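Okay, structure first, notes after.
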Amino acid sequence: MLSSNVQTPCFVLDLARLRANLETADRVRREAGCRVLLATKAFALPAVFPFMRDYLDGTTASGEHEARLGAETFGKEVHVYSPAYTDAEVERLTQLADHIYFNSAEQVSRYASIVRDAGLSAGVRVNPGYSNATLGGALYDPCAPGSRFGEVAGRLDEVDWESIDIFHVHALCESLHEGSIGLIEHVAEHFAPWLEKVSAVNFGGGHFLNKAGYDVDALIGAIRAFRDRFDLKVILEPGSGLVVNAGELHASVLALHWNEQDLAILDASASTHMPDVLEVPYRPEIVGAGKADEKLHTYTLGGKTCMTGDVIGAYSFDEPLQPGDRVIFTDQMHYSFVKANTFNGTPLANLAVRYENGSIETLSDFGYAEFRDRLGPAS
């Protein structure tokens, strides 16, 4: 049963579910002979990093601050990729990361020697021209036309491959095994001449390892076949795929309203707590609720911000909603809390962990300070 004894709004991580997901990742590591990293852009909860450490090889970051977080709180390997860096950022990253990836031949020419001189390995991100982003269309497709991510195939001869250790591609978003295997086979077919110049290949993130229907055996087989052919180290860096269905966002009904339809106003917000609901967009599931008109009582749920579009969606319930009722949104551990914001002075949702014995520990007490501090000092 899902516990409701937390003050809302609150993200609750379920440690038992997380362990099951991590065991899948660890199986891929062992049986495929590859390395698996946590993409902290999708999930970053330092309180459980010690728990995750035994199952993974390290973290991958999208910039300096995530790299520092990985280095200081997770340990093990730290990989970092950004589409661009400042000179000072690269210098600081050499003190934080083990592997630094660059976005283009131009970035390689400027910075790879600094990375190599620091005793680290350098990588280059390649746009493989393979799209299998199953969520959000072009918004979440790293290989969409005009994408700023990765050097295109026609310009790879401009890369100084003598300074590159890792060939990096990222083309997936919430993809099942067909996407993962398709990417691996596409790279093997179209980029063999460049694979001969490196010691490792990073197949990026978007591998939805723990989603229902993902054939983990097929992924393991594809990685083994790739390694047998090219004799290269293989790296995966899932984020969402490690925390699928591993937690919820608990919210409460604050008020009921009517304007041509029944409305319920929550203390959780799409705009501030679940921004992907609006950006993707998508409709999160609620425990015990159905689609509009599926059950007797239908409400459109929204947050209490002043943004008109702060609407989560229409849901139906067996009983009428009342102020104080608990609403639990499922599968909220990836991206939601790391992208949360304090627009309109809305407090951040707190963070909690449900341990395997059922007890819950609240990890935070977010309030005015988090809103005020990010706005800069008063004159």
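In the structure tokens, chains take the letters A, B, ... in the order shown, each chain's residues start at 1, and ligands count up from 1 in the order shown.
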Exercise for review: Would you return as number ranges by chain the members of region 72-250 of chain A that DSSP assigns to alpha helix (DSSP H) on this structure's backbone?
Suggested key: A: 87-93, 105-117, 177-190, 192-195, 216-230
Exercise for review: List the neighbours of Ile312 (chain A) out to 8 Å using only C-alpha atoms; skip same-chain residues closer than 2 positions along the sequence, and give me the result as a list of chain:residue names.
Suggested key: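 Result of the neighbour search: A:Ser269, A:Ala270, A:Val277, A:Leu278, A:Arg283, A:Pro284, A:Thr300, A:Leu301, A:Gly302, A:Gly303, A:Asp310, A:Ala314.
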Check your understanding: Please, which residues of region 5-239 of chain A, numbered as in this document, come out strand (DSSP E) from DSSP, as a PyMOL selection string?
Key -> chain A and resi 10-14+35-39+58-61+77-81+99-102+121-127+132-133+151-152+166-168+172-173+200-202+233-236
Study note, to complete from the structure: Using only C-alpha atoms, the shortest atom-to-atom distance to Pro238 (chain A) among A:Gly367, A:Pro46, A:Gly70, A:Gly58 belongs to A:Gly58
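The shortest atom-to-atom distance to Val12 (chain A), with only C-alpha atoms taken into account, belongs to A:Gly247 out of A:Ala268, A:Pro323, A:Gly247, A:Met274.
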Point to revise | Pick from A:Leu15, A:Ala171, A:Val126, A:Leu176, whichever lies nearest to Gly154 (chain A) using only C-alpha atoms | key: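 Distance minimum relative to Gly154 (chain A) lands on A:Val126.
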